[in-house]
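Trainee: final_38.txt (compact mmCIF, C-alpha atoms (C1' of nucleotides)) pasted underneath:
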# COMPACT_ATOMS: atom_id res chain seq x y z
CA MET U 240 3.59 -28.15 -25.74
CA PRO U 241 7.21 -29.26 -26.07
CA VAL U 242 7.98 -32.73 -24.82
CA GLY U 243 11.71 -32.74 -24.09
CA GLU U 244 14.03 -29.88 -23.35
CA PRO U 245 13.16 -26.80 -25.38
CA ARG U 246 15.82 -24.68 -27.05
CA TRP U 247 16.47 -22.22 -24.25
CA LEU U 248 17.39 -18.68 -25.18
CA THR U 249 21.05 -17.89 -25.76
CA LYS U 250 22.63 -14.99 -23.91
CA ARG U 251 22.15 -12.68 -26.88
CA GLU U 252 18.57 -13.73 -27.34
CA ASP U 253 17.84 -13.34 -23.67
CA ARG U 254 19.28 -9.84 -23.70
CA ALA U 255 17.03 -8.93 -26.61
CA TRP U 256 13.95 -10.46 -25.00
CA ARG U 257 14.45 -8.87 -21.61
CA GLY U 258 15.39 -5.57 -23.18
CA TYR U 259 12.30 -5.60 -25.30
CA ARG U 260 10.04 -6.28 -22.36
CA ARG U 261 11.59 -3.67 -20.16
CA MET U 262 11.45 -1.12 -22.95
CA ARG U 263 7.83 -1.92 -23.54
CA THR U 264 6.92 -1.41 -19.91
CA LEU U 265 8.87 1.78 -19.38
CA LEU U 266 7.95 3.32 -22.70
CA ASP U 267 4.24 2.73 -22.21
CA LEU U 268 4.38 4.21 -18.78
CA GLN U 269 6.28 7.31 -19.81
CA LEU U 270 4.29 8.02 -22.95
CA GLY U 271 1.06 7.50 -21.08
CA ARG U 272 2.10 9.84 -18.31
CA ASP U 273 3.30 12.52 -20.72
CA LEU U 274 0.10 12.34 -22.68
CA LEU U 275 -2.19 12.42 -19.68
CA ARG U 276 -0.35 15.32 -18.10
CA GLU U 277 -0.30 17.46 -21.22
CA SER U 278 -3.70 16.73 -22.66
CA GLY U 279 -5.85 14.86 -20.17
CA LEU U 280 -6.17 11.95 -22.59
CA SER U 281 -5.25 8.33 -22.01
CA GLU U 282 -3.46 6.44 -24.75
CA ALA U 283 -6.68 4.61 -25.46
CA ASP U 284 -8.50 7.91 -25.86
CA TYR U 285 -5.76 9.16 -28.13
CA ASP U 286 -5.91 6.10 -30.34
CA VAL U 287 -9.66 6.32 -30.73
CA LEU U 288 -9.57 10.02 -31.56
CA SER U 289 -6.63 9.57 -33.85
CA GLY U 290 -8.33 6.74 -35.72
CA LEU U 291 -11.46 8.78 -36.22
CA SER U 292 -9.63 11.95 -37.19
CA GLU U 293 -7.89 10.22 -40.07
CA THR U 294 -11.16 9.07 -41.55
CA GLU U 295 -13.28 10.66 -44.23
CA GLY U 296 -16.05 12.49 -42.42
CA ARG U 297 -14.46 11.82 -39.04
CA LYS U 298 -16.83 8.99 -38.33
CA MET U 299 -16.65 5.25 -38.56
CA ARG U 300 -18.61 2.12 -37.95
CA LEU U 301 -17.99 0.73 -34.51
CA SER U 302 -16.90 -2.67 -35.71
CA GLU U 303 -14.61 -1.20 -38.33
CA LEU U 304 -12.88 0.98 -35.80
CA ALA U 305 -12.60 -1.94 -33.41
CA SER U 306 -10.98 -4.21 -35.95
CA GLN U 307 -8.58 -1.51 -37.10
CA MET U 308 -7.51 -0.94 -33.52
CA LEU U 309 -7.37 -4.64 -32.70
CA TRP U 310 -9.90 -4.09 -29.93
CA SER U 311 -12.88 -6.23 -29.10
CA LYS U 312 -16.25 -4.72 -29.92
CA SER U 313 -17.14 -4.89 -26.28
CA ARG U 314 -14.07 -2.99 -25.23
CA LEU U 315 -14.67 -0.30 -27.78
CA SER U 316 -18.33 -0.04 -26.89
CA HIS U 317 -17.51 0.48 -23.22
CA HIS U 318 -14.81 2.98 -24.04
CA ILE U 319 -17.01 4.91 -26.44
CA THR U 320 -19.66 5.14 -23.76
CA ARG U 321 -17.18 6.80 -21.43
CA MET U 322 -15.81 9.11 -24.11
CA GLU U 323 -19.32 10.03 -25.10
CA GLN U 324 -20.01 11.13 -21.54
CA ARG U 325 -16.98 13.39 -21.74
CA GLY U 326 -18.22 14.85 -25.00
CA LEU U 327 -15.32 13.64 -27.15
CA VAL U 328 -17.35 11.47 -29.48
CA ARG U 329 -20.97 10.91 -30.36
CA ARG U 330 -22.89 7.80 -31.38
CA GLU U 331 -25.03 8.06 -34.48
CA GLU U 332 -27.40 5.64 -36.11
CA CYS U 333 -26.21 3.84 -39.17
CA SER U 334 -28.28 4.44 -42.28
CA ASP U 335 -27.02 1.35 -44.12
CA ASP U 336 -27.61 -1.17 -41.40
CA ALA U 337 -30.14 -0.70 -38.66
CA ARG U 338 -28.15 -2.93 -36.33
CA GLY U 339 -25.01 -0.89 -36.62
CA SER U 340 -23.88 2.31 -35.04
CA VAL U 341 -21.43 4.94 -36.08
CA VAL U 342 -18.97 6.78 -33.88
CA ALA U 343 -18.37 10.38 -34.82
CA LEU U 344 -15.82 12.89 -33.61
CA THR U 345 -17.37 15.92 -31.92
CA ASN U 346 -15.81 19.35 -32.17
CA ALA U 347 -14.46 18.91 -28.69
CA GLY U 348 -12.93 15.60 -29.74
CA TRP U 349 -11.34 17.16 -32.78
CA ASN U 350 -9.94 20.00 -30.72
CA ALA U 351 -8.61 17.54 -28.16
CA ILE U 352 -6.67 15.48 -30.68
CA VAL U 353 -5.34 18.55 -32.47
CA ALA U 354 -4.13 19.92 -29.18
CA ALA U 355 -2.63 16.63 -28.03
CA ALA U 356 -0.86 15.50 -31.18
CA PRO U 357 2.19 17.79 -31.21
CA GLY U 358 3.08 16.96 -27.64
CA HIS U 359 2.56 13.28 -28.20
CA VAL U 360 4.77 13.17 -31.27
CA THR U 361 7.43 15.08 -29.41
CA SER U 362 7.23 12.59 -26.58
CA VAL U 363 7.48 9.61 -28.94
CA ARG U 364 10.50 11.21 -30.57
CA ARG U 365 12.26 11.99 -27.36
CA HIS U 366 11.79 8.61 -25.76
CA LEU U 367 12.04 6.30 -28.75
CA ILE U 368 12.52 7.54 -32.28
CA ASP U 369 15.35 9.97 -31.67
CA VAL U 370 17.14 7.42 -29.52
CA LEU U 371 17.43 5.04 -32.49
CA THR U 372 19.75 5.30 -35.46
CA ALA U 373 18.27 5.37 -38.94
CA ASP U 374 19.31 1.76 -39.44
CA GLU U 375 17.64 0.73 -36.23
CA ILE U 376 14.45 2.50 -37.25
CA ASP U 377 14.39 0.55 -40.48
CA ALA U 378 15.22 -2.69 -38.73
CA LEU U 379 12.42 -2.15 -36.24
CA ALA U 380 9.96 -1.38 -39.01
CA ALA U 381 11.04 -4.48 -40.92
CA PHE U 382 11.01 -7.06 -38.19
CA SER U 383 7.93 -5.79 -36.41
CA GLN U 384 6.07 -6.02 -39.68
CA ARG U 385 7.27 -9.59 -40.08
CA VAL U 386 6.22 -10.54 -36.58
CA VAL U 387 2.83 -8.94 -37.08
CA ASP U 388 2.27 -10.73 -40.38
CA ARG U 389 3.01 -14.10 -38.85
CA LEU U 390 0.77 -13.45 -35.91
CA SER U 391 -2.06 -12.19 -38.04
CA GLY U 392 -1.94 -15.23 -40.29
CA VAL U 393 -2.14 -17.67 -37.42
CA ARG U 394 -5.45 -17.77 -35.65
CA ALA U 395 -4.78 -20.05 -32.69
CA GLU U 396 -1.98 -22.52 -33.23
CA MET Z 6 5.03 21.07 -24.34
CA PRO Z 7 6.15 22.14 -27.82
CA VAL Z 8 5.17 25.65 -28.83
CA GLY Z 9 5.22 25.66 -32.64
CA GLU Z 10 4.97 22.80 -35.07
CA PRO Z 11 6.71 19.70 -33.78
CA ARG Z 12 8.88 17.53 -36.01
CA TRP Z 13 6.26 15.12 -37.27
CA LEU Z 14 7.31 11.56 -37.97
CA THR Z 15 8.68 10.74 -41.40
CA LYS Z 16 7.19 7.86 -43.36
CA ARG Z 17 9.96 5.54 -42.25
CA GLU Z 18 9.63 6.58 -38.62
CA ASP Z 19 5.90 6.22 -38.75
CA ARG Z 20 6.20 2.71 -40.14
CA ALA Z 21 8.54 1.79 -37.31
CA TRP Z 22 6.31 3.34 -34.67
CA ARG Z 23 3.09 1.76 -35.91
CA GLY Z 24 4.81 -1.55 -36.46
CA TYR Z 25 6.19 -1.53 -32.98
CA ARG Z 26 2.83 -0.84 -31.44
CA ARG Z 27 1.02 -3.44 -33.45
CA MET Z 28 3.68 -6.00 -32.68
CA ARG Z 29 3.46 -5.19 -29.01
CA THR Z 30 -0.29 -5.67 -28.97
CA LEU Z 31 -0.39 -8.90 -30.95
CA LEU Z 32 2.64 -10.44 -29.30
CA ASP Z 33 1.34 -9.82 -25.80
CA LEU Z 34 -1.98 -11.31 -26.72
CA GLN Z 35 -0.53 -14.42 -28.29
CA LEU Z 36 2.08 -15.12 -25.64
CA GLY Z 37 -0.48 -14.59 -22.92
CA ARG Z 38 -2.93 -16.94 -24.56
CA ASP Z 39 -0.30 -19.63 -25.12
CA LEU Z 40 0.90 -19.39 -21.56
CA LEU Z 41 -2.56 -19.49 -20.02
CA ARG Z 42 -3.66 -22.42 -22.12
CA GLU Z 43 -0.60 -24.53 -21.42
CA SER Z 44 0.04 -23.75 -17.80
CA GLY Z 45 -2.88 -21.88 -16.30
CA LEU Z 46 -0.62 -18.94 -15.48
CA SER Z 47 -1.01 -15.35 -16.58
CA GLU Z 48 2.05 -13.45 -17.72
CA ALA Z 49 1.98 -11.55 -14.45
CA ASP Z 50 1.96 -14.83 -12.53
CA TYR Z 51 4.82 -16.09 -14.65
CA ASP Z 52 6.91 -13.01 -14.04
CA VAL Z 53 6.41 -13.15 -10.30
CA LEU Z 54 7.28 -16.85 -10.13
CA SER Z 55 10.19 -16.40 -12.46
CA GLY Z 56 11.58 -13.51 -10.44
CA LEU Z 57 11.35 -15.51 -7.23
CA SER Z 58 12.76 -18.68 -8.73
CA GLU Z 59 15.95 -16.93 -9.79
CA THR Z 60 16.61 -15.69 -6.28
CA GLU Z 61 18.76 -17.20 -3.57
CA GLY Z 62 16.37 -19.03 -1.23
CA ARG Z 63 13.47 -18.44 -3.58
CA LYS Z 64 12.17 -15.57 -1.49
CA MET Z 65 12.36 -11.83 -1.67
CA ARG Z 66 11.25 -8.66 0.05
CA LEU Z 67 8.03 -7.38 -1.43
CA SER Z 68 9.44 -3.98 -2.23
CA GLU Z 69 12.55 -5.44 -3.82
CA LEU Z 70 10.53 -7.69 -6.07
CA ALA Z 71 8.25 -4.83 -6.98
CA SER Z 72 11.09 -2.55 -7.96
CA GLN Z 73 12.81 -5.27 -9.96
CA MET Z 74 9.60 -5.94 -11.84
CA LEU Z 75 8.84 -2.24 -12.26
CA TRP Z 76 5.53 -2.77 -10.47
CA SER Z 77 4.01 -0.58 -7.83
CA LYS Z 78 4.03 -2.03 -4.33
CA SER Z 79 0.29 -1.87 -4.27
CA ARG Z 80 -0.04 -3.82 -7.48
CA LEU Z 81 2.31 -6.49 -6.27
CA SER Z 82 0.60 -6.67 -2.92
CA HIS Z 83 -2.77 -7.26 -4.58
CA HIS Z 84 -1.33 -9.81 -6.93
CA ILE Z 85 0.52 -11.69 -4.20
CA THR Z 86 -2.69 -11.89 -2.24
CA ARG Z 87 -4.36 -13.63 -5.16
CA MET Z 88 -1.42 -15.93 -5.82
CA GLU Z 89 -1.26 -16.78 -2.14
CA GLN Z 90 -4.87 -17.92 -2.28
CA ARG Z 91 -3.94 -20.24 -5.12
CA GLY Z 92 -1.03 -21.62 -3.13
CA LEU Z 93 1.70 -20.44 -5.50
CA VAL Z 94 3.48 -18.20 -3.02
CA ARG Z 95 3.48 -17.57 0.70
CA ARG Z 96 3.98 -14.43 2.76
CA GLU Z 97 6.48 -14.59 5.57
CA GLU Z 98 7.42 -12.08 8.24
CA CYS Z 99 10.61 -10.18 7.75
CA SER Z 100 13.15 -10.56 10.55
CA ASP Z 101 15.11 -7.40 9.69
CA ASP Z 102 12.21 -5.02 9.48
CA ALA Z 103 8.93 -5.62 11.24
CA ARG Z 104 7.10 -3.51 8.66
CA GLY Z 105 8.32 -5.60 5.82
CA SER Z 106 7.19 -8.90 4.45
CA VAL Z 107 8.85 -11.53 2.38
CA VAL Z 108 7.30 -13.43 -0.50
CA ALA Z 109 8.42 -17.02 -0.81
CA LEU Z 110 7.87 -19.58 -3.51
CA THR Z 111 5.89 -22.62 -2.36
CA ASN Z 112 6.55 -26.07 -3.76
CA ALA Z 113 3.46 -25.69 -5.87
CA GLY Z 114 4.80 -22.39 -7.18
CA TRP Z 115 8.15 -23.93 -8.02
CA ASN Z 116 6.48 -26.81 -9.80
CA ALA Z 117 4.28 -24.44 -11.71
CA ILE Z 118 7.15 -22.36 -13.06
CA VAL Z 119 9.22 -25.42 -13.90
CA ALA Z 120 6.29 -26.85 -15.80
CA ALA Z 121 5.51 -23.60 -17.58
CA ALA Z 122 8.97 -22.47 -18.63
CA PRO Z 123 9.68 -24.80 -21.56
CA GLY Z 124 6.40 -24.02 -23.25
CA HIS Z 125 6.82 -20.32 -22.68
CA VAL Z 126 10.31 -20.24 -24.15
CA THR Z 127 9.08 -22.19 -27.13
CA SER Z 128 6.28 -19.70 -27.60
CA VAL Z 129 8.63 -16.72 -27.36
CA ARG Z 130 10.88 -18.35 -29.92
CA ARG Z 131 8.15 -19.14 -32.35
CA HIS Z 132 6.49 -15.76 -32.30
CA LEU Z 133 9.46 -13.47 -31.88
CA ILE Z 134 13.00 -14.70 -31.56
CA ASP Z 135 13.04 -17.16 -34.44
CA VAL Z 136 11.34 -14.61 -36.67
CA LEU Z 137 14.29 -12.23 -36.32
CA THR Z 138 17.70 -12.51 -37.94
CA ALA Z 139 20.78 -12.59 -35.72
CA ASP Z 140 21.50 -8.98 -36.63
CA GLU Z 141 18.00 -7.93 -35.74
CA ILE Z 142 18.28 -9.69 -32.39
CA ASP Z 143 21.42 -7.75 -31.61
CA ALA Z 144 19.91 -4.50 -32.83
CA LEU Z 145 16.87 -5.03 -30.65
CA ALA Z 146 19.01 -5.79 -27.63
CA ALA Z 147 21.13 -2.71 -28.26
CA PHE Z 148 18.48 -0.12 -28.85
CA SER Z 149 16.06 -1.38 -26.25
CA GLN Z 150 18.83 -1.15 -23.71
CA ARG Z 151 19.51 2.40 -24.79
CA VAL Z 152 15.86 3.38 -24.55
CA VAL Z 153 15.58 1.79 -21.13
CA ASP Z 154 18.67 3.55 -19.86
CA ARG Z 155 17.42 6.93 -20.91
CA LEU Z 156 14.01 6.32 -19.39
CA SER Z 157 15.44 5.05 -16.15
CA GLY Z 158 17.67 8.06 -15.76
CA VAL Z 159 14.84 10.50 -16.24
CA ARG Z 160 12.38 10.60 -13.39
CA ALA Z 161 9.72 12.95 -14.67
CA GLU Z 162 10.66 15.26 -17.52
C1' DT G 276 14.55 9.82 24.45
C1' DC G 277 11.47 11.71 21.70
C1' DG G 278 9.43 13.35 17.69
C1' DA G 279 9.62 14.49 12.58
C1' DG G 280 9.85 12.57 8.41
C1' DG G 281 10.42 8.90 5.37
C1' DT G 282 9.49 3.88 4.29
C1' DT G 283 6.77 -0.52 3.90
C1' DG G 284 2.70 -2.79 3.02
C1' DG G 285 -2.25 -3.19 3.08
C1' DT G 286 -6.96 -1.60 1.78
C1' DG G 287 -11.02 0.35 -0.51
C1' DA G 288 -12.83 2.86 -4.30
C1' DC G 289 -12.72 3.42 -8.86
C1' DA G 290 -11.33 2.72 -14.00
C1' DC G 291 -10.75 -0.47 -17.41
C1' DG G 292 -10.76 -5.07 -20.18
C1' DT G 293 -12.83 -9.60 -20.89
C1' DC G 294 -16.20 -12.85 -21.25
C1' DA G 295 -20.60 -14.50 -22.01
C1' DA G 296 -25.42 -13.69 -22.53
C1' DC G 297 -28.52 -11.22 -24.97
C1' DC G 298 -31.30 -8.44 -28.40
C1' DT G 299 -32.00 -6.75 -32.84
C1' DC G 300 -31.52 -6.88 -37.47
C1' DT G 301 -29.78 -9.03 -41.96
C1' DC G 302 -29.00 -12.61 -45.09
C1' DT G 303 -29.38 -16.97 -46.83
C1' DT G 304 -31.81 -20.95 -48.37
C1' DG G 305 -35.40 -24.19 -48.97
C1' DC V 95 -41.55 -15.82 -47.97
C1' DA V 96 -40.66 -18.09 -43.50
C1' DA V 97 -37.08 -19.94 -40.59
C1' DG V 98 -32.84 -20.18 -38.94
C1' DA V 99 -28.03 -18.86 -38.98
C1' DG V 100 -25.20 -15.30 -38.07
C1' DA V 101 -23.50 -10.38 -37.70
C1' DG V 102 -23.52 -5.89 -34.98
C1' DG V 103 -23.69 -3.97 -30.80
C1' DT V 104 -24.86 -3.53 -25.70
C1' DT V 105 -24.79 -4.90 -21.09
C1' DG V 106 -23.52 -6.89 -16.54
C1' DA V 107 -20.49 -9.58 -13.80
C1' DC V 108 -16.05 -10.32 -12.74
C1' DG V 109 -10.81 -9.90 -12.39
C1' DT V 110 -7.12 -6.89 -12.32
C1' DG V 111 -4.41 -2.23 -11.97
C1' DT V 112 -4.17 2.46 -10.08
C1' DC V 113 -4.60 5.87 -6.84
C1' DA V 114 -5.17 7.86 -2.42
C1' DC V 115 -4.78 6.96 2.04
C1' DC V 116 -3.69 4.60 6.46
C1' DA V 117 -1.22 2.18 10.05
C1' DA V 118 2.85 0.44 11.54
C1' DC V 119 7.52 1.03 11.72
C1' DC V 120 12.41 2.73 11.25
C1' DT V 121 16.05 6.43 11.54
C1' DC V 122 18.21 10.20 12.97
C1' DG V 123 18.95 14.73 14.78
C1' DA V 124 17.91 17.79 18.62
As a first step, turn the structure in this file into structure tokens.

Mentor:
Amino acid sequence: MPVGEPRWLTKREDRAWRGYRRMRTLLDLQLGRDLLRESGLSEADYDVLSGLSETEGRKMRLSELASQMLWSKSRLSHHITRMEQRGLVRREECSDDARGSVVALTNAGWNAIVAAAPGHVTSVRRHLIDVLTADEIDALAAFSQRVVDRLSGVRAE
Amino acid sequence: MPVGEPRWLTKREDRAWRGYRRMRTLLDLQLGRDLLRESGLSEADYDVLSGLSETEGRKMRLSELASQMLWSKSRLSHHITRMEQRGLVRREECSDDARGSVVALTNAGWNAIVAAAPGHVTSVRRHLIDVLTADEIDALAAFSQRVVDRLSGVRAE
DNA sequence: TCGAGGTTGGTGACACGTCAACCTCTCTTG
DNA sequence: CAAGAGAGGTTGACGTGTCACCAACCTCGA
């Protein structure tokens, strides 16, 4: 906690910060709406399906998927329960480790992600990617990676 | 909804998109944790207090605050109810419009935001602003503004 | 002046995320 | 090999956001 006056944001910095936050809010909202309307999936659903679909055998350990998605195990477990009830994924026992469980894509889940992906990519393009210049794309990739690296290295102050 | 194959993301675009999303997730988490630890406020609390504190008279119509924050009226109403119970804000009747209500900052609310702001700015600096070059700051401000403008102009499709 | 139609908030039900407690199983280590 | 530490996952309680709906209210044309 800073003791004296902190270095307040300059006008330029403030513009960037507010712009970022507003973009984040609006973009999430729009992409989520587009996705839900066109495919009946939430962004969370999409991420889970997408993660599984890119994996060898279309199945993954629960904890591995959770850590890749930056989700808590509890969150993923709850979410998988709901998706399982909708037939998108299936829990299987883990042969290696009797404690563990494996999440597998069902056919319905595979079909759902295949059907949803084109529309989602189009939506991401329209609202973000195609609005940026090539330089801005590269800048975004570069600095977001840097921010992520710093945050991942630091556990809690 | 696209009919044929969409334009999939290139490697560069994909790096930007994934980087952005990961940054968003981690940054939110970290800033929220910092803020809560140092001031006992959630980011939502902070935004409400901050919005009110920048206003003439430190009070605002509920619907105006909601639209400025890009929140639904219902969400704000729920949140104000909780903040009211903690003494951070107060509801007042609206003289112009008997349907309306006004949210006002209490002294406790003012003290809370004044106490929280320096630490929050420091946290934003450390995890985002100071990690970016001046050019990146300007690029972020520019393209986020552009994305926001396009999204604000479009209502639904 | 009255009624239709839109606006402003509030409310209850539900979906989702977090936290902490818990159980089971695995792995060390003496 | 037994005991305890610790990992993997599940569950329930709780807080928060969304959605649908309602009541109260305003505005404006007939």

Trainee: Is it possible to get the superposed chain Z, fitted on chain U over all Cα pairs by sequence order, as a short mmCIF file (atom, residue, chain, number, x, y, z; two decimals) with C-alpha atoms, keeping the file's coordinate frame?

Mentor:
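Output (selection_20.cif):
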data_model
loop_
_atom_site.label_atom_id
_atom_site.label_comp_id
_atom_site.auth_asym_id
_atom_site.auth_seq_id
_atom_site.Cartn_x
_atom_site.Cartn_y
_atom_site.Cartn_z
CA MET Z 6 3.29 -28.08 -26.17
CA PRO Z 7 6.92 -29.20 -26.45
CA VAL Z 8 7.63 -32.72 -25.27
CA GLY Z 9 11.35 -32.77 -24.44
CA GLU Z 10 13.69 -29.94 -23.62
CA PRO Z 11 12.88 -26.83 -25.61
CA ARG Z 12 15.58 -24.69 -27.20
CA TRP Z 13 16.22 -22.29 -24.35
CA LEU Z 14 17.19 -18.74 -25.20
CA THR Z 15 20.85 -17.97 -25.74
CA LYS Z 16 22.45 -15.11 -23.83
CA ARG Z 17 22.04 -12.78 -26.77
CA GLU Z 18 18.42 -13.77 -27.30
CA ASP Z 19 17.69 -13.41 -23.64
CA ARG Z 20 19.15 -9.92 -23.60
CA ALA Z 21 16.95 -8.97 -26.54
CA TRP Z 22 13.85 -10.48 -24.98
CA ARG Z 23 14.32 -8.91 -21.56
CA GLY Z 24 15.30 -5.61 -23.10
CA TYR Z 25 12.24 -5.59 -25.25
CA ARG Z 26 9.95 -6.26 -22.34
CA ARG Z 27 11.51 -3.68 -20.11
CA MET Z 28 11.42 -1.11 -22.87
CA ARG Z 29 7.79 -1.88 -23.51
CA THR Z 30 6.88 -1.39 -19.88
CA LEU Z 31 8.82 1.81 -19.31
CA LEU Z 32 7.94 3.37 -22.64
CA ASP Z 33 4.23 2.79 -22.19
CA LEU Z 34 4.37 4.27 -18.75
CA GLN Z 35 6.27 7.36 -19.79
CA LEU Z 36 4.31 8.09 -22.94
CA GLY Z 37 1.06 7.60 -21.08
CA ARG Z 38 2.12 9.93 -18.31
CA ASP Z 39 3.30 12.61 -20.74
CA LEU Z 40 0.12 12.41 -22.73
CA LEU Z 41 -2.18 12.54 -19.73
CA ARG Z 42 -0.36 15.44 -18.16
CA GLU Z 43 -0.30 17.56 -21.30
CA SER Z 44 -3.68 16.82 -22.76
CA GLY Z 45 -5.85 14.97 -20.28
CA LEU Z 46 -6.15 12.04 -22.67
CA SER Z 47 -5.22 8.44 -22.04
CA GLU Z 48 -3.42 6.52 -24.76
CA ALA Z 49 -6.64 4.66 -25.45
CA ASP Z 50 -8.47 7.96 -25.87
CA TYR Z 51 -5.73 9.19 -28.16
CA ASP Z 52 -5.87 6.12 -30.34
CA VAL Z 53 -9.63 6.31 -30.72
CA LEU Z 54 -9.54 10.01 -31.60
CA SER Z 55 -6.61 9.53 -33.89
CA GLY Z 56 -8.28 6.66 -35.72
CA LEU Z 57 -11.43 8.70 -36.24
CA SER Z 58 -9.61 11.85 -37.25
CA GLU Z 59 -7.86 10.08 -40.11
CA THR Z 60 -11.13 8.88 -41.57
CA GLU Z 61 -13.25 10.43 -44.29
CA GLY Z 62 -16.06 12.29 -42.51
CA ARG Z 63 -14.45 11.67 -39.14
CA LYS Z 64 -16.82 8.83 -38.37
CA MET Z 65 -16.65 5.09 -38.52
CA ARG Z 66 -18.62 1.94 -37.84
CA LEU Z 67 -17.95 0.64 -34.37
CA SER Z 68 -16.88 -2.77 -35.56
CA GLU Z 69 -14.59 -1.33 -38.21
CA LEU Z 70 -12.85 0.89 -35.72
CA ALA Z 71 -12.53 -1.97 -33.30
CA SER Z 72 -10.94 -4.27 -35.84
CA GLN Z 73 -8.56 -1.58 -37.04
CA MET Z 74 -7.47 -0.93 -33.48
CA LEU Z 75 -7.29 -4.63 -32.65
CA TRP Z 76 -9.79 -4.07 -29.84
CA SER Z 77 -12.74 -6.23 -28.98
CA LYS Z 78 -16.12 -4.74 -29.82
CA SER Z 79 -17.05 -4.89 -26.19
CA ARG Z 80 -13.98 -2.98 -25.12
CA LEU Z 81 -14.58 -0.30 -27.68
CA SER Z 82 -18.23 -0.07 -26.80
CA HIS Z 83 -17.40 0.50 -23.13
CA HIS Z 84 -14.74 3.02 -23.98
CA ILE Z 85 -16.95 4.93 -26.42
CA THR Z 86 -19.60 5.16 -23.75
CA ARG Z 87 -17.12 6.86 -21.44
CA MET Z 88 -15.77 9.15 -24.14
CA GLU Z 89 -19.30 10.05 -25.15
CA GLN Z 90 -19.99 11.19 -21.61
CA ARG Z 91 -16.98 13.47 -21.85
CA GLY Z 92 -18.23 14.87 -25.14
CA LEU Z 93 -15.30 13.66 -27.25
CA VAL Z 94 -17.33 11.45 -29.56
CA ARG Z 95 -20.95 10.87 -30.42
CA ARG Z 96 -22.88 7.75 -31.39
CA GLU Z 97 -25.03 7.94 -34.48
CA GLU Z 98 -27.43 5.46 -36.02
CA CYS Z 99 -26.24 3.55 -39.01
CA SER Z 100 -28.37 3.97 -42.13
CA ASP Z 101 -27.11 0.79 -43.84
CA ASP Z 102 -27.61 -1.59 -40.98
CA ALA Z 103 -30.08 -0.96 -38.20
CA ARG Z 104 -28.02 -3.10 -35.82
CA GLY Z 105 -24.95 -1.05 -36.34
CA SER Z 106 -23.84 2.24 -34.92
CA VAL Z 107 -21.41 4.84 -36.05
CA VAL Z 108 -18.95 6.71 -33.87
CA ALA Z 109 -18.34 10.29 -34.88
CA LEU Z 110 -15.81 12.82 -33.71
CA THR Z 111 -17.35 15.87 -32.05
CA ASN Z 112 -15.80 19.31 -32.36
CA ALA Z 113 -14.47 18.90 -28.86
CA GLY Z 114 -12.92 15.59 -29.87
CA TRP Z 115 -11.31 17.11 -32.93
CA ASN Z 116 -9.93 19.97 -30.88
CA ALA Z 117 -8.61 17.58 -28.30
CA ILE Z 118 -6.66 15.48 -30.78
CA VAL Z 119 -5.32 18.53 -32.60
CA ALA Z 120 -4.14 19.94 -29.30
CA ALA Z 121 -2.63 16.67 -28.14
CA ALA Z 122 -0.82 15.52 -31.26
CA PRO Z 123 2.23 17.81 -31.26
CA GLY Z 124 3.10 17.02 -27.68
CA HIS Z 125 2.60 13.32 -28.23
CA VAL Z 126 4.84 13.22 -31.28
CA THR Z 127 7.47 15.14 -29.39
CA SER Z 128 7.25 12.64 -26.56
CA VAL Z 129 7.53 9.66 -28.91
CA ARG Z 130 10.56 11.26 -30.50
CA ARG Z 131 12.30 12.02 -27.27
CA HIS Z 132 11.82 8.65 -25.68
CA LEU Z 133 12.07 6.36 -28.67
CA ILE Z 134 12.60 7.59 -32.18
CA ASP Z 135 15.44 10.01 -31.55
CA VAL Z 136 17.18 7.44 -29.38
CA LEU Z 137 17.50 5.06 -32.33
CA THR Z 138 19.87 5.31 -35.27
CA ALA Z 139 18.43 5.42 -38.79
CA ASP Z 140 19.44 1.80 -39.28
CA GLU Z 141 17.75 0.76 -36.09
CA ILE Z 142 14.58 2.56 -37.13
CA ASP Z 143 14.52 0.63 -40.37
CA ALA Z 144 15.32 -2.64 -38.63
CA LEU Z 145 12.50 -2.08 -36.18
CA ALA Z 146 10.07 -1.28 -38.96
CA ALA Z 147 11.14 -4.37 -40.88
CA PHE Z 148 11.06 -6.96 -38.17
CA SER Z 149 7.99 -5.67 -36.42
CA GLN Z 150 6.16 -5.87 -39.70
CA ARG Z 151 7.32 -9.44 -40.12
CA VAL Z 152 6.23 -10.41 -36.63
CA VAL Z 153 2.86 -8.78 -37.15
CA ASP Z 154 2.32 -10.52 -40.45
CA ARG Z 155 3.01 -13.91 -39.00
CA LEU Z 156 0.74 -13.28 -36.03
CA SER Z 157 -2.06 -11.97 -38.18
CA GLY Z 158 -1.96 -14.98 -40.44
CA VAL Z 159 -2.18 -17.42 -37.58
CA ARG Z 160 -5.52 -17.49 -35.85
CA ALA Z 161 -4.93 -19.85 -32.97
CA GLU Z 162 -1.96 -22.19 -33.23
#

Trainee: Starting from chain U, keep only residues with some atom at most 9 Å from an atom of chain V, counting all atoms listed in the file, and report them as a list in words.

Mentor: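 Those within range of chain V come out as Leu301, Ser302, Lys312, Ser313, Ser316, His317, Asp336, Arg338, Gly339 and Ser340 of chain U.
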
Trainee: Using all atoms listed in the file, find the one residue out of U:Glu375, U:Glu331, U:Glu282, U:Glu293 that sits nearest to chain Z.

Mentor: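 Result for the nearest residue to chain Z: U:Glu375.
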
Trainee: Could you tell me how far CA of Gly296 (chain U) sits from CA of Leu344 (chain U), in Å to one decimal place?

Mentor: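 One can read the CA of Leu344 (chain U) to CA of Gly296 (chain U) distance as 8.8 Å.
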
Trainee: Kindly provide, as a tab-separated table (two decimals) with C-alpha atoms (C1' of nucleotides), in the frame of the given file, the residues of chain G having any atom no farther than 8 Å from an atom of chain Z, counting all atoms listed in the file.

Mentor:
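The result, written out as out26.tsv:
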chain	number	residue	atom	x	y	z
G	283	DT	C1'	6.77	-0.52	3.90
G	284	DG	C1'	2.70	-2.79	3.02
G	285	DG	C1'	-2.25	-3.19	3.08
